[in-house]
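*Asks:* Below you'll find query-v2.txt; it's compact mmCIF, C-alpha atoms.
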```
# COMPACT_ATOMS: atom_id res chain seq x y z
CA MET F 8 -115.92 97.87 29.21
CA THR F 9 -114.65 94.34 29.77
CA ALA F 10 -116.42 91.80 27.57
CA ILE F 11 -118.29 88.98 29.30
CA PRO F 12 -117.25 85.54 28.01
CA VAL F 13 -120.02 83.24 26.77
CA ALA F 14 -119.40 79.66 25.65
CA VAL F 15 -120.87 78.67 22.28
CA VAL F 16 -121.31 74.88 22.06
CA VAL F 17 -121.55 73.36 18.58
CA PRO F 18 -122.08 69.62 17.92
CA THR F 19 -120.27 68.76 14.68
CA PHE F 20 -120.13 65.92 12.18
CA ASN F 21 -118.56 66.32 8.75
CA GLY F 22 -119.30 70.03 8.86
CA LEU F 23 -116.50 71.28 6.64
CA LYS F 24 -118.97 72.93 4.25
CA ASP F 25 -121.03 74.77 6.89
CA LEU F 26 -118.63 75.63 9.69
CA PRO F 27 -116.66 78.45 8.01
CA GLY F 28 -119.83 80.53 7.67
CA LEU F 29 -120.86 79.83 11.26
CA LEU F 30 -117.43 80.67 12.70
CA GLN F 31 -117.25 83.86 10.66
CA ALA F 32 -120.69 84.99 11.86
CA ILE F 33 -119.82 84.22 15.49
CA GLY F 34 -116.55 86.14 15.19
CA ALA F 35 -118.38 89.19 13.82
CA GLN F 36 -120.51 89.66 16.97
CA ARG F 37 -120.46 92.99 18.79
CA GLY F 38 -121.70 94.00 22.21
CA ARG F 39 -121.05 93.04 25.82
CA PHE F 40 -120.41 89.35 25.22
CA ARG F 41 -117.33 87.58 23.88
CA PRO F 42 -118.06 84.17 22.29
CA GLU F 43 -115.81 81.21 23.12
CA VAL F 44 -116.62 78.33 20.78
CA ILE F 45 -116.43 74.70 21.97
CA ALA F 46 -117.17 71.86 19.55
CA VAL F 47 -118.27 68.32 20.33
CA ASP F 48 -117.50 66.10 17.35
CA SER F 49 -118.90 62.62 16.74
CA GLY F 50 -116.37 61.09 14.37
CA SER F 51 -115.95 63.52 11.46
CA THR F 52 -113.80 62.23 8.58
CA ASP F 53 -113.81 65.28 6.27
CA GLY F 54 -111.30 67.51 8.07
CA THR F 55 -113.83 69.16 10.39
CA VAL F 56 -111.67 68.69 13.49
CA ASP F 57 -108.58 70.11 11.77
CA LEU F 58 -110.60 73.14 10.64
CA LEU F 59 -111.89 73.77 14.16
CA ARG F 60 -108.45 73.49 15.71
CA SER F 61 -106.98 75.82 13.08
CA HIS F 62 -109.47 78.41 14.39
CA GLY F 63 -108.43 77.76 17.99
CA VAL F 64 -111.64 75.90 18.83
CA PRO F 65 -111.28 73.17 21.50
CA VAL F 66 -112.90 69.91 20.42
CA VAL F 67 -114.52 67.29 22.66
CA GLN F 68 -114.39 64.09 20.64
CA LEU F 69 -116.97 61.31 20.88
CA GLU F 70 -116.65 57.82 19.51
CA ALA F 71 -118.07 57.45 16.01
CA GLY F 72 -121.68 56.28 16.23
CA ALA F 73 -122.01 57.28 19.89
CA PHE F 74 -123.88 60.55 19.30
CA ASN F 75 -126.87 61.35 21.48
CA HIS F 76 -128.30 64.87 21.46
CA GLY F 77 -128.55 65.19 25.23
CA ASP F 78 -125.33 63.43 26.20
CA ALA F 79 -123.21 65.16 23.53
CA ARG F 80 -124.22 68.60 24.73
CA ASN F 81 -123.71 67.62 28.36
CA ARG F 82 -120.19 66.40 27.55
CA ALA F 83 -119.27 69.75 26.02
CA LEU F 84 -120.97 71.76 28.77
CA GLN F 85 -118.86 70.00 31.40
CA ALA F 86 -115.90 71.99 30.04
CA VAL F 87 -117.74 75.34 30.30
CA ASP F 88 -116.87 77.81 33.05
CA THR F 89 -118.88 80.81 31.85
CA PRO F 90 -122.20 81.88 33.46
CA PHE F 91 -124.12 81.28 30.23
CA ALA F 92 -123.70 78.93 27.29
CA VAL F 93 -125.12 79.25 23.80
CA LEU F 94 -126.13 76.03 22.07
CA THR F 95 -126.31 75.96 18.30
CA VAL F 96 -125.69 73.63 15.33
CA GLN F 97 -123.13 73.61 12.55
CA ASP F 98 -125.56 74.59 9.79
CA ALA F 99 -127.26 77.51 11.57
CA VAL F 100 -125.94 80.94 10.61
CA PRO F 101 -126.47 83.89 12.99
CA VAL F 102 -128.16 86.89 11.40
CA GLY F 103 -126.41 90.19 12.06
CA SER F 104 -123.71 91.27 14.48
CA ASP F 105 -126.08 91.72 17.46
CA TRP F 106 -127.33 88.10 17.54
CA LEU F 107 -125.30 87.16 20.63
CA GLU F 108 -126.20 90.33 22.52
CA ALA F 109 -129.92 89.79 21.88
CA LEU F 110 -129.80 86.12 22.88
CA VAL F 111 -127.80 86.47 26.13
CA ALA F 112 -128.93 89.85 27.48
CA PRO F 113 -132.34 88.66 28.80
CA LEU F 114 -130.58 86.11 31.02
CA VAL F 115 -128.38 88.83 32.50
CA ASP F 116 -131.34 91.10 33.11
CA ASP F 117 -133.78 88.49 34.51
CA GLY F 118 -132.53 85.90 37.00
CA SER F 119 -135.76 83.90 36.73
CA LEU F 120 -134.92 82.82 33.16
CA ALA F 121 -133.30 79.42 32.71
CA GLY F 122 -132.88 79.88 28.97
CA THR F 123 -133.62 81.83 25.85
CA TRP F 124 -134.06 80.63 22.30
CA ALA F 125 -133.77 82.33 18.95
CA ARG F 126 -135.97 82.87 15.95
CA GLN F 127 -135.21 80.71 12.91
CA ARG F 128 -135.48 81.97 9.36
CA PRO F 129 -135.26 79.73 6.31
CA HIS F 130 -132.17 79.93 4.13
CA GLU F 131 -132.55 82.28 1.20
CA GLN F 132 -132.51 79.35 -1.25
CA ALA F 133 -135.20 77.40 0.65
CA SER F 134 -138.04 75.91 -1.40
CA ARG F 135 -141.59 77.27 -1.42
CA LEU F 136 -142.72 74.20 0.51
CA THR F 137 -140.08 74.69 3.21
CA ARG F 138 -140.95 78.38 3.54
CA HIS F 139 -144.67 77.60 3.86
CA TYR F 140 -144.30 75.17 6.75
CA HIS F 141 -141.52 77.16 8.38
CA ALA F 142 -143.76 80.23 8.59
CA ARG F 143 -146.39 78.23 10.52
CA TRP F 144 -143.95 77.19 13.28
CA CYS F 145 -143.82 79.08 16.59
CA GLY F 146 -140.03 79.37 16.33
CA ALA F 147 -140.41 81.53 13.21
CA SER F 148 -142.61 84.13 14.87
CA ALA F 149 -141.61 87.78 15.21
CA ALA F 150 -143.44 88.06 18.56
CA PRO F 151 -141.45 87.61 21.80
CA ARG F 152 -142.95 85.48 24.55
CA VAL F 153 -142.11 84.00 27.94
CA ALA F 154 -143.19 80.61 29.31
CA GLY F 155 -143.55 80.02 33.03
CA PRO F 156 -143.44 79.96 35.88
CA LEU F 157 -145.66 76.88 35.81
CA THR F 158 -146.27 74.43 38.61
CA SER F 159 -146.33 70.74 37.73
CA ALA F 160 -150.07 70.72 38.42
CA ALA F 161 -150.64 73.66 36.08
CA LEU F 162 -148.57 72.06 33.33
CA ASP F 163 -150.34 68.72 33.72
CA ALA F 164 -153.73 70.44 33.53
CA LEU F 165 -153.00 71.67 30.00
CA SER F 166 -153.99 69.72 26.91
CA PRO F 167 -151.20 67.79 25.13
CA ALA F 168 -150.94 70.48 22.45
CA GLU F 169 -150.84 73.26 25.07
CA ARG F 170 -148.11 71.44 27.04
CA HIS F 171 -146.08 71.06 23.87
CA GLN F 172 -146.51 74.77 23.11
CA ALA F 173 -145.57 75.79 26.66
CA CYS F 174 -142.37 73.72 26.49
CA ALA F 175 -141.26 75.02 23.09
CA PHE F 176 -137.48 75.41 23.15
CA ASP F 177 -134.94 74.67 20.42
CA ASN F 178 -131.22 73.96 20.70
CA VAL F 179 -130.73 74.87 17.05
CA CYS F 180 -130.04 78.20 18.76
CA SER F 181 -130.54 78.73 22.46
CA CYS F 182 -128.75 80.08 25.52
CA ILE F 183 -128.91 78.48 28.95
CA ARG F 184 -128.01 79.56 32.45
CA MET F 185 -125.20 77.25 33.54
CA ALA F 186 -126.28 77.27 37.19
CA VAL F 187 -129.63 75.79 36.14
CA TRP F 188 -127.98 73.26 33.81
CA ARG F 189 -125.79 71.99 36.67
CA GLU F 190 -128.96 71.15 38.59
CA HIS F 191 -130.84 69.95 35.51
CA PRO F 192 -128.56 68.64 32.73
CA PHE F 193 -130.06 67.63 29.42
CA PRO F 194 -131.76 64.23 29.45
CA PRO F 195 -129.86 61.51 27.52
CA ALA F 196 -132.26 61.69 24.59
CA PRO F 197 -131.69 60.78 20.94
CA PHE F 198 -134.13 63.50 19.95
CA ALA F 199 -136.04 66.44 21.51
CA GLU F 200 -133.66 66.82 24.45
CA ASP F 201 -134.42 70.55 24.32
CA ILE F 202 -138.19 70.41 24.86
CA GLU F 203 -137.82 67.71 27.53
CA TRP F 204 -135.31 69.96 29.33
CA ALA F 205 -137.77 72.83 28.98
CA ALA F 206 -140.46 70.80 30.73
CA ILE F 207 -138.04 69.90 33.52
CA VAL F 208 -136.91 73.47 34.23
CA LEU F 209 -140.44 74.89 33.97
CA ARG F 210 -141.60 72.37 36.57
CA ALA F 211 -138.63 73.44 38.73
CA GLY F 212 -139.95 77.02 38.81
CA HIS F 213 -137.87 78.68 36.09
CA ARG F 214 -138.96 80.58 32.99
CA LEU F 215 -137.99 80.43 29.31
CA ALA F 216 -138.00 83.28 26.79
CA PHE F 217 -138.32 83.24 23.02
CA VAL F 218 -136.21 86.11 21.67
CA PRO F 219 -136.98 86.84 18.01
CA GLU F 220 -134.47 89.71 17.96
CA ALA F 221 -131.83 86.95 17.96
CA ALA F 222 -132.19 85.06 14.69
CA VAL F 223 -130.40 82.38 12.70
CA ARG F 224 -130.78 81.08 9.16
CA HIS F 225 -131.63 77.39 9.38
CA SER F 226 -133.68 75.12 7.14
CA HIS F 227 -133.33 71.83 5.26
CA GLU F 228 -134.36 70.19 1.99
CA ARG F 229 -134.07 66.59 3.16
CA PRO F 230 -135.01 63.44 1.21
CA VAL F 231 -138.52 62.06 1.68
CA ALA F 232 -137.35 58.83 3.33
CA TYR F 233 -135.30 60.79 5.85
CA GLU F 234 -138.24 63.04 6.67
CA LEU F 235 -140.47 60.01 7.25
CA ARG F 236 -137.99 58.48 9.71
CA ARG F 237 -137.36 61.79 11.46
CA THR F 238 -141.05 62.66 11.78
CA ARG F 239 -141.85 59.23 13.16
CA LEU F 240 -139.10 59.48 15.78
CA ALA F 241 -140.11 63.02 16.71
CA HIS F 242 -143.77 62.16 17.21
CA ALA F 243 -143.02 59.05 19.22
CA ARG F 244 -141.09 61.34 21.57
CA LEU F 245 -143.85 63.95 21.59
CA HIS F 246 -146.37 61.30 22.56
CA ARG F 247 -144.13 60.05 25.36
CA LEU F 248 -143.46 63.56 26.67
CA PHE F 249 -146.88 65.17 26.26
CA GLY F 250 -149.36 62.51 25.13
CA LEU F 251 -149.58 64.37 21.82
CA SER F 252 -151.13 62.67 18.76
CA THR F 253 -151.46 65.08 15.85
CA VAL F 254 -152.70 62.37 13.43
CA PRO F 255 -154.50 60.00 15.80
CA SER F 256 -156.35 57.68 13.41
CA LEU F 257 -156.36 56.24 9.91
CA ALA F 258 -159.23 58.55 9.03
CA ALA F 259 -157.18 61.55 10.19
CA LEU F 260 -154.23 60.25 8.19
CA ALA F 261 -156.33 59.97 5.02
CA HIS F 262 -157.68 63.49 5.56
CA ALA F 263 -154.19 64.93 6.17
CA VAL F 264 -152.81 63.37 2.99
CA ALA F 265 -155.82 64.43 0.93
CA THR F 266 -155.52 68.06 2.04
CA SER F 267 -151.71 68.14 1.75
CA VAL F 268 -151.50 66.92 -1.85
CA PRO F 269 -153.11 69.94 -3.58
CA LEU F 270 -151.27 72.39 -1.33
CA HIS F 271 -147.92 70.72 -1.99
CA LEU F 272 -148.55 70.59 -5.73
CA ARG F 273 -149.41 74.28 -5.83
CA LEU F 274 -146.25 75.24 -3.93
CA ALA F 275 -144.01 72.94 -5.97
CA TRP F 276 -145.39 74.31 -9.23
CA GLN F 277 -144.19 77.78 -8.16
CA GLU F 278 -140.55 76.66 -8.04
CA PRO F 279 -138.50 78.49 -10.68
CA ARG F 280 -136.06 75.58 -11.22
CA ASP F 281 -136.22 71.78 -11.45
CA ARG F 282 -140.00 71.75 -11.16
CA ALA F 283 -140.29 68.01 -11.84
CA HIS F 284 -138.08 67.19 -8.86
CA ALA F 285 -139.96 69.70 -6.69
CA VAL F 286 -143.31 68.12 -7.58
CA ALA F 287 -142.09 64.57 -6.90
CA ARG F 288 -140.62 65.56 -3.54
CA ALA F 289 -143.70 67.56 -2.59
CA LEU F 290 -146.00 64.60 -3.30
CA GLY F 291 -143.74 62.31 -1.30
CA LEU F 292 -143.80 64.68 1.68
CA ALA F 293 -147.58 65.02 1.45
CA VAL F 294 -147.65 61.36 2.48
CA ALA F 295 -144.44 61.09 4.57
CA TRP F 296 -145.17 63.86 7.05
CA PRO F 297 -148.70 62.77 8.05
CA LEU F 298 -147.68 59.10 7.97
CA GLY F 299 -144.70 59.81 10.23
CA GLN F 300 -146.97 61.61 12.69
CA TYR F 301 -149.43 58.72 12.70
CA LEU F 302 -146.77 56.01 13.07
CA GLY F 303 -144.88 57.98 15.70
CA ALA F 304 -147.95 58.33 17.89
CA ARG F 305 -148.66 54.61 17.45
CA ASP F 306 -145.08 53.85 18.52
CA GLY F 307 -145.54 56.04 21.58
CA ILE F 308 -148.80 54.30 22.52
CA ARG F 309 -147.23 50.84 22.15
CA ARG F 310 -144.21 51.79 24.26
CA ALA F 311 -146.43 53.27 26.93
CA GLY F 312 -148.46 50.08 27.01
CA THR F 313 -145.34 47.94 27.22
CA SER F 314 -143.98 50.03 30.09
CA LEU F 315 -147.28 49.81 31.94
CA ARG F 316 -147.45 46.03 31.57
CA ALA F 317 -143.83 45.67 32.67
CA GLY F 318 -144.53 47.78 35.75
CA THR F 319 -147.36 45.50 36.89
CA ARG F 320 -145.30 42.31 36.97
```
Can the structure in the file be given as structure tokens, please?
*Replies:*
Amino acid sequence: MTAIPVAVVVPTFNGLKDLPGLLQAIGAQRGRFRPEVIAVDSGSTDGTVDLLRSHGVPVVQLEAGAFNHGDARNRALQAVDTPFAVLTVQDAVPVGSDWLEALVAPLVDDGSLAGTWARQRPHEQASRLTRHYHARWCGASAAPRVAGPLTSAALDALSPAERHQACAFDNVCSCIRMAVWREHPFPPAPFAEDIEWAAIVLRAGHRLAFVPEAAVRHSHERPVAYELRRTRLAHARLHRLFGLSTVPSLAALAHAVATSVPLHLRLAWQEPRDRAHAVARALGLAVAWPLGQYLGARDGIRRAGTSLRAGTR
């Protein structure tokens, strides 16, 4: 049986540490589909580009500092001539040799699907805190599900949280139908280009499938300050896209922090190594995550108000 080629698009930046594991896992795939990796690099200085080229991977190069999640992926996808394209990231590691088959097969079997996305599992060395929150996320579930078709009216009738849930989609590991992408490329977004694209294609009459049989290892232990900035940016976008405010008031912020502190302390105290660092980080995140959600929603409200005032001039 002739293998079906599938592009695998990977944005890279100083990924010398992570890329060998990713490339090895992609090369170990079995089944009907043959992966063809394409990288889009945004100014790596650690030898990432040389590594990719030594593995025969074509590299689309962006100017340093010019990275944008939507535009970068669109640039790479312009070079794709396969019916389907997998989108992943340099620090996600496919689990097993049937990952690609599980991710792409639903698109072959069901022409109404615009995309599929994979289950994420935390890395084996992930902290107790990371594992706790990861397990609560819909992208960690073992249950398959399909979103759509949804009319614009039906989507707009949902609550902000329901709209967010309906549009769940994650380019940490996804596969898209290229014919749909050509009609609906990713929006030029600095963050959350995937869920915005999901809303666009659902409104256009397509469906999206979460495929837990396809899984990747992906998790982070980022600094507290980084998590605060990232959470604020994410929730500003979520408010703009869906009107979502998960921590809508100072009272809700105080409650979120007060309930997070004992939970975080309990989880950090279970760490087998470097418990003092784990406790300090856990306490910082007990404040940073709710505060980022509160500030992000406030940013979204202010921007919406500014746009409304500008439109009335």
*Asks:* Kindly extract all protein, DNA and RNA residues lying within 9 Å of the coordinates (-140.1, 80.2, 6.8) given in the file, considering all atoms listed in the file, and supply them as a ChimeraX atom specification.
*Replies:* /F:127-130,133,135,137-144,147,226
*Asks:* Select, from F:Pro195, F:Pro297, F:Gly50, F:Gly212, the residue with the minimum atom-to-atom distance to Ala161 (chain F), counting all atoms listed in the file.
*Replies:* F:Gly212
*Asks:* With distances taken over only C-alpha atoms, which of F:Leu58, F:Val15, F:Ser104, F:Asn21 is nearest to Ala83 (chain F)?
*Replies:* F:Val15
*Asks:* Fewer than 2 positions away in the same chain doesn't count, so skip those; otherwise give me all residues within 10 Å of region 227-230 of chain F, counting only C-alpha atoms, as a list in words.
*Replies:* Asp98, Pro129, His130, Gln132, Ala133, Ser134, Leu136, Thr137, His225, Ala232, Tyr233, Glu234, Leu235, Arg288, Gly291 and Leu292 of chain F
*Asks:* What gap, in Å, lies between CA of Asp163 (chain F) and CA of Leu251 (chain F)?
*Replies:*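 A separation of 12.7 Å between them.
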*Asks:* Go ahead and compute the interatomic distance for CA of Thr123 (chain F) and CA of Cys182 (chain F), in Å to one decimal.
*Replies:*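 So the answer is 5.2 Å.
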*Asks:* My list of candidates is F:Val64, F:Ile308, F:Leu23, F:Ala46. Which is closest to Asn81 (chain F) when distances are computed with only C-alpha atoms?
*Replies:*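 Of the candidates, the smallest distance to Asn81 (chain F) is held by F:Ala46.
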*Asks:* Using Å and a single decimal, report how far CA of Asp53 (chain F) sits from CA of Glu200 (chain F).
*Replies:*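 Taking CA of Glu200 (chain F) and CA of Asp53 (chain F), their separation equals 27.0 Å.
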